[in-house]
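Chemist: First the structure, which I've put down as structure tokens, then a few questions once you've had a look.
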Amino acid sequence: MIQAHDKPLPQHLAFIMDGNGRWAQDRGLSRSAGHRAGAERLRDVCYWVLDYGICHMSVYAFSTENWRRSTQEVNGLMRLIPDFFHRYAAEMRDQGARIHFVGDLDQLPAATQKIIGQIQANPPETHKLDLYICLNYGGRREIVRAVQKALRSPDPLALADQLDEDSFRNFLYQPQMPDPDLIVRTAGEQRLSNFWLWQAAYAELYFSPVYWPDFGQADLAQALDAYSLRQRRYGGEKSDNTHP
């Protein structure tokens, strides 16, 4: 159990889980072994976040650009996804995690779509954490898709006159999801890589040099401590770390 945290915490904590392949390479293992280690770490981090009492967590699991990787690596990832959830979905549900999947899911393999349907049809009766898993997700694609949905409305011209940032949110994948307060990227890279482009407008960014499979409780605590020291003004004069 993680001790109580008396500093401001993010309502929505997001992760770009980077470094699985390099972690494996450093150990003379296959990239698939690195992804499996990364999946196990996702399970751990989910429970640590639950202990902190954070209500929303999202992870960038497979991007629209990841299809460009080798066929062997992509096939390994596609096998890993249903395997992970066959082993851990019930356990995570029992711990109070309600899982949402975000992205163009109809382009995923049938086995992956099947378990996604099963998980989403069987949410926990009560939940402590909304976990958003981005699969075949791209921020630019999400925005284009949202515009396409808006244009298919019964009266798109009338909608155009009324559309603002709040109403545009209704066309995104998860309109009810709060924007991320803190986005953590592991493995030293310092970019968003097409993750939550609309939602990340005022997110705090934290870059850890640690590869995702090695990202431990102390690393999470360090990221949260760094967040608690940020002054979030949202373009104005707000000088504390509260939500607008």
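Naming scheme: A, B, ... for chains in displayed order of the structure tokens; residues 1 onward per chain; ligands 1 onward as shown.
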Using only C-alpha atoms, what does the table of region 17-67 of chain A residues within 12 Å of region 125-128 of chain A look like, with each row giving the shortest atom pair and its distance in Å to one decimal, sorted by chain and ascending number, as a tab-separated table?
Modeler:
residue	atom	partner	partner_atom	distance
A:Cys46	CA	A:Lys128	CA	11.2
A:Tyr47	CA	A:Lys128	CA	10.8
A:Val49	CA	A:Lys128	CA	10.1
A:Leu50	CA	A:Lys128	CA	7.1
A:Asp51	CA	A:Lys128	CA	9.8
A:Tyr52	CA	A:Lys128	CA	10.7
A:Gly53	CA	A:Lys128	CA	7.6
A:Ile54	CA	A:Lys128	CA	8.2
A:Cys55	CA	A:Lys128	CA	6.2
A:His56	CA	A:Lys128	CA	8.7
A:Met57	CA	A:Lys128	CA	10.8
Chemist: For N, CA, C and O atoms, I'd like the residues from the last selection saved as a PDB file, in the first residue's frame.
Modeler:
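Now in part-v4.pdb:
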ATOM      1  N   CYS A  46      -1.114   0.397 -12.566  1.00  0.00           N
ATOM      2  CA  CYS A  46      -2.553   0.565 -12.368  1.00  0.00           C
ATOM      3  C   CYS A  46      -2.909   0.445 -10.889  1.00  0.00           C
ATOM      4  O   CYS A  46      -3.677   1.255 -10.347  1.00  0.00           O
ATOM      5  N   TYR A  47      -2.340  -0.532 -10.204  1.00  0.00           N
ATOM      6  CA  TYR A  47      -2.634  -0.722  -8.783  1.00  0.00           C
ATOM      7  C   TYR A  47      -2.028   0.382  -7.926  1.00  0.00           C
ATOM      8  O   TYR A  47      -2.632   0.809  -6.936  1.00  0.00           O
ATOM      9  N   VAL A  49      -1.605   3.466  -8.890  1.00  0.00           N
ATOM     10  CA  VAL A  49      -2.459   4.628  -9.123  1.00  0.00           C
ATOM     11  C   VAL A  49      -3.756   4.499  -8.325  1.00  0.00           C
ATOM     12  O   VAL A  49      -4.246   5.476  -7.743  1.00  0.00           O
ATOM     13  N   LEU A  50      -4.312   3.299  -8.259  1.00  0.00           N
ATOM     14  CA  LEU A  50      -5.488   3.068  -7.420  1.00  0.00           C
ATOM     15  C   LEU A  50      -5.193   3.397  -5.963  1.00  0.00           C
ATOM     16  O   LEU A  50      -6.016   4.013  -5.272  1.00  0.00           O
ATOM     17  N   ASP A  51      -4.022   3.011  -5.492  1.00  0.00           N
ATOM     18  CA  ASP A  51      -3.649   3.298  -4.102  1.00  0.00           C
ATOM     19  C   ASP A  51      -3.573   4.798  -3.829  1.00  0.00           C
ATOM     20  O   ASP A  51      -3.881   5.255  -2.722  1.00  0.00           O
ATOM     21  N   TYR A  52      -3.139   5.555  -4.818  1.00  0.00           N
ATOM     22  CA  TYR A  52      -3.079   7.002  -4.649  1.00  0.00           C
ATOM     23  C   TYR A  52      -4.475   7.646  -4.645  1.00  0.00           C
ATOM     24  O   TYR A  52      -4.625   8.792  -4.237  1.00  0.00           O
ATOM     25  N   GLY A  53      -5.466   6.935  -5.133  1.00  0.00           N
ATOM     26  CA  GLY A  53      -6.807   7.500  -5.211  1.00  0.00           C
ATOM     27  C   GLY A  53      -7.038   8.357  -6.440  1.00  0.00           C
ATOM     28  O   GLY A  53      -8.009   9.119  -6.499  1.00  0.00           O
ATOM     29  N   ILE A  54      -6.165   8.231  -7.434  1.00  0.00           N
ATOM     30  CA  ILE A  54      -6.356   8.940  -8.702  1.00  0.00           C
ATOM     31  C   ILE A  54      -7.504   8.281  -9.460  1.00  0.00           C
ATOM     32  O   ILE A  54      -7.577   7.056  -9.542  1.00  0.00           O
ATOM     33  N   CYS A  55      -8.394   9.085 -10.022  1.00  0.00           N
ATOM     34  CA  CYS A  55      -9.654   8.560 -10.564  1.00  0.00           C
ATOM     35  C   CYS A  55      -9.589   8.172 -12.035  1.00  0.00           C
ATOM     36  O   CYS A  55     -10.419   7.381 -12.502  1.00  0.00           O
ATOM     37  N   HIS A  56      -8.643   8.737 -12.786  1.00  0.00           N
ATOM     38  CA  HIS A  56      -8.573   8.489 -14.227  1.00  0.00           C
ATOM     39  C   HIS A  56      -7.119   8.251 -14.629  1.00  0.00           C
ATOM     40  O   HIS A  56      -6.217   8.996 -14.205  1.00  0.00           O
ATOM     41  N   MET A  57      -6.908   7.229 -15.428  1.00  0.00           N
ATOM     42  CA  MET A  57      -5.574   6.909 -15.935  1.00  0.00           C
ATOM     43  C   MET A  57      -5.717   6.474 -17.392  1.00  0.00           C
ATOM     44  O   MET A  57      -6.648   5.740 -17.751  1.00  0.00           O
TER      45      MET A  57
END
Chemist: Which of these, A:Gln72, A:Gln199, A:Gln107, A:Ser208, has the shortest distance to Asp166 (chain A) once you count only C-alpha atoms?
Modeler: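 Between A:Gln72, A:Gln199, A:Gln107, A:Ser208, the residue approaching Asp166 (chain A) most closely is A:Gln199.
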Chemist: Apply DSSP to the structure's backbone, then extract all residues of region 49-82 of chain A labelled strand (DSSP E) and return them as a PyMOL selection string.
Modeler: chain A and resi 56-63
Chemist: So which residues touch Arg191 (chain A) within 12 Å, counting only C-alpha atoms, skipping near sequence neighbours fewer than 4 positions away, as a list in words?
Modeler: Ile16, Asp18, Ile183, Val184, Arg185, Thr186, Ala187, Phe195, Trp196, Leu197, Ala200, Leu205, Tyr206, Phe207 and Ser208 of chain A
Chemist: So how many Å separate CA of Arg69 (chain A) and CA of Pro209 (chain A), to one decimal?
Modeler: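 Interatomic distance here is 22.9 Å.
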Chemist: Find the distance between CA of Ile115 (chain A) and CA of Ile99 (chain A) and write it in Å to one decimal.
Modeler: 11.7 Å
Chemist: Quick one: which region 54-124 of chain A residues come within 10 Å of region 24-41 of chain A, and what is the nearest atom pair for each with the distance in Å to one decimal, counting only C-alpha atoms, rows ordered by chain and ascending number, as a Markdown table?
Modeler:
| residue | atom | partner | partner_atom | distance |
| --- | --- | --- | --- | --- |
| A:Ala61 | CA | A:Ala39 | CA | 9.2 |
| A:Gln72 | CA | A:Ser32 | CA | 8.7 |
| A:Glu73 | CA | A:Ser32 | CA | 6.4 |
| A:Val74 | CA | A:Ser32 | CA | 9.0 |
| A:Asn75 | CA | A:Ser32 | CA | 9.3 |
| A:Gly76 | CA | A:Ser32 | CA | 5.9 |
| A:Leu77 | CA | A:Ser32 | CA | 7.1 |
| A:Arg79 | CA | A:Ser32 | CA | 9.9 |
| A:Leu80 | CA | A:Arg36 | CA | 7.0 |
| A:Ile81 | CA | A:Ala39 | CA | 8.6 |
| A:Asp83 | CA | A:Arg36 | CA | 9.9 |
| A:Phe84 | CA | A:Ala39 | CA | 7.2 |
| A:Phe85 | CA | A:Ala39 | CA | 9.9 |
| A:Tyr88 | CA | A:Glu40 | CA | 9.6 |
Chemist: Between CA of Glu204 (chain A) and CA of Glu165 (chain A), what is the distance, to one decimal in Å?
Modeler: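 So the two atoms, CA of Glu204 (chain A) and CA of Glu165 (chain A), lie 20.1 Å apart.
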Chemist: I need the residue nearest Asp219 (chain A) from this list: A:Ala201, A:Pro8, A:Gln176, A:Val45. Use only C-alpha atoms for the distance.
Modeler: A:Val45
Chemist: Could you pull out the helix (DSSP H, G or I) residues of region 66-112 of chain A, going by DSSP on the backbone, and write them as a VMD selection string?
Modeler: chain A and resid 66 to 68 71 to 94 105 to 107 110 to 112
Chemist: So, with only C-alpha atoms as the atoms that count, which of A:Ala121, A:Ala14, A:Met92, A:Leu192 lies closest to Arg140 (chain A)?
Modeler: A:Leu192
Chemist: Can you tell me which residues surround Phe101 (chain A) at a distance of at most 6 Å, considering only C-alpha atoms, apart from same-chain residues fewer than 6 positions away, and format the answer as a list in words?
Modeler: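 The residues that qualify are Tyr132, Ile133 and Cys134 of chain A.
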Chemist: I need the chosen residues saved as a short mmCIF file (atom, residue, chain, number, x, y, z; two decimals), in the first residue's frame, with all heavy atoms.
Modeler:
data_model
loop_
_atom_site.label_atom_id
_atom_site.label_comp_id
_atom_site.auth_asym_id
_atom_site.auth_seq_id
_atom_site.Cartn_x
_atom_site.Cartn_y
_atom_site.Cartn_z
N TYR A 132 -8.28 4.18 -19.36
CA TYR A 132 -8.47 4.35 -20.80
C TYR A 132 -7.24 3.78 -21.51
O TYR A 132 -6.12 4.28 -21.33
CB TYR A 132 -8.64 5.82 -21.15
CG TYR A 132 -9.81 6.47 -20.44
CD1 TYR A 132 -9.64 7.05 -19.18
CD2 TYR A 132 -11.08 6.50 -21.02
CE1 TYR A 132 -10.71 7.65 -18.52
CE2 TYR A 132 -12.14 7.08 -20.36
CZ TYR A 132 -11.96 7.66 -19.12
OH TYR A 132 -13.02 8.24 -18.46
N ILE A 133 -7.46 2.75 -22.32
CA ILE A 133 -6.36 2.10 -23.03
C ILE A 133 -6.48 2.45 -24.51
O ILE A 133 -7.45 2.09 -25.17
CB ILE A 133 -6.39 0.58 -22.80
CG1 ILE A 133 -6.22 0.28 -21.31
CG2 ILE A 133 -5.31 -0.11 -23.63
CD1 ILE A 133 -6.28 -1.18 -20.97
N CYS A 134 -5.48 3.17 -25.00
CA CYS A 134 -5.52 3.65 -26.38
C CYS A 134 -4.89 2.61 -27.30
O CYS A 134 -3.69 2.32 -27.22
CB CYS A 134 -4.77 4.97 -26.49
SG CYS A 134 -5.55 6.30 -25.56
#
Chemist: For Ala160 (chain A), list every protein, DNA or RNA residue within 9 Å, evaluated using only C-alpha atoms, and leave out those in the same chain fewer than 4 positions away; present the list as a count of residues only.
Modeler: 5
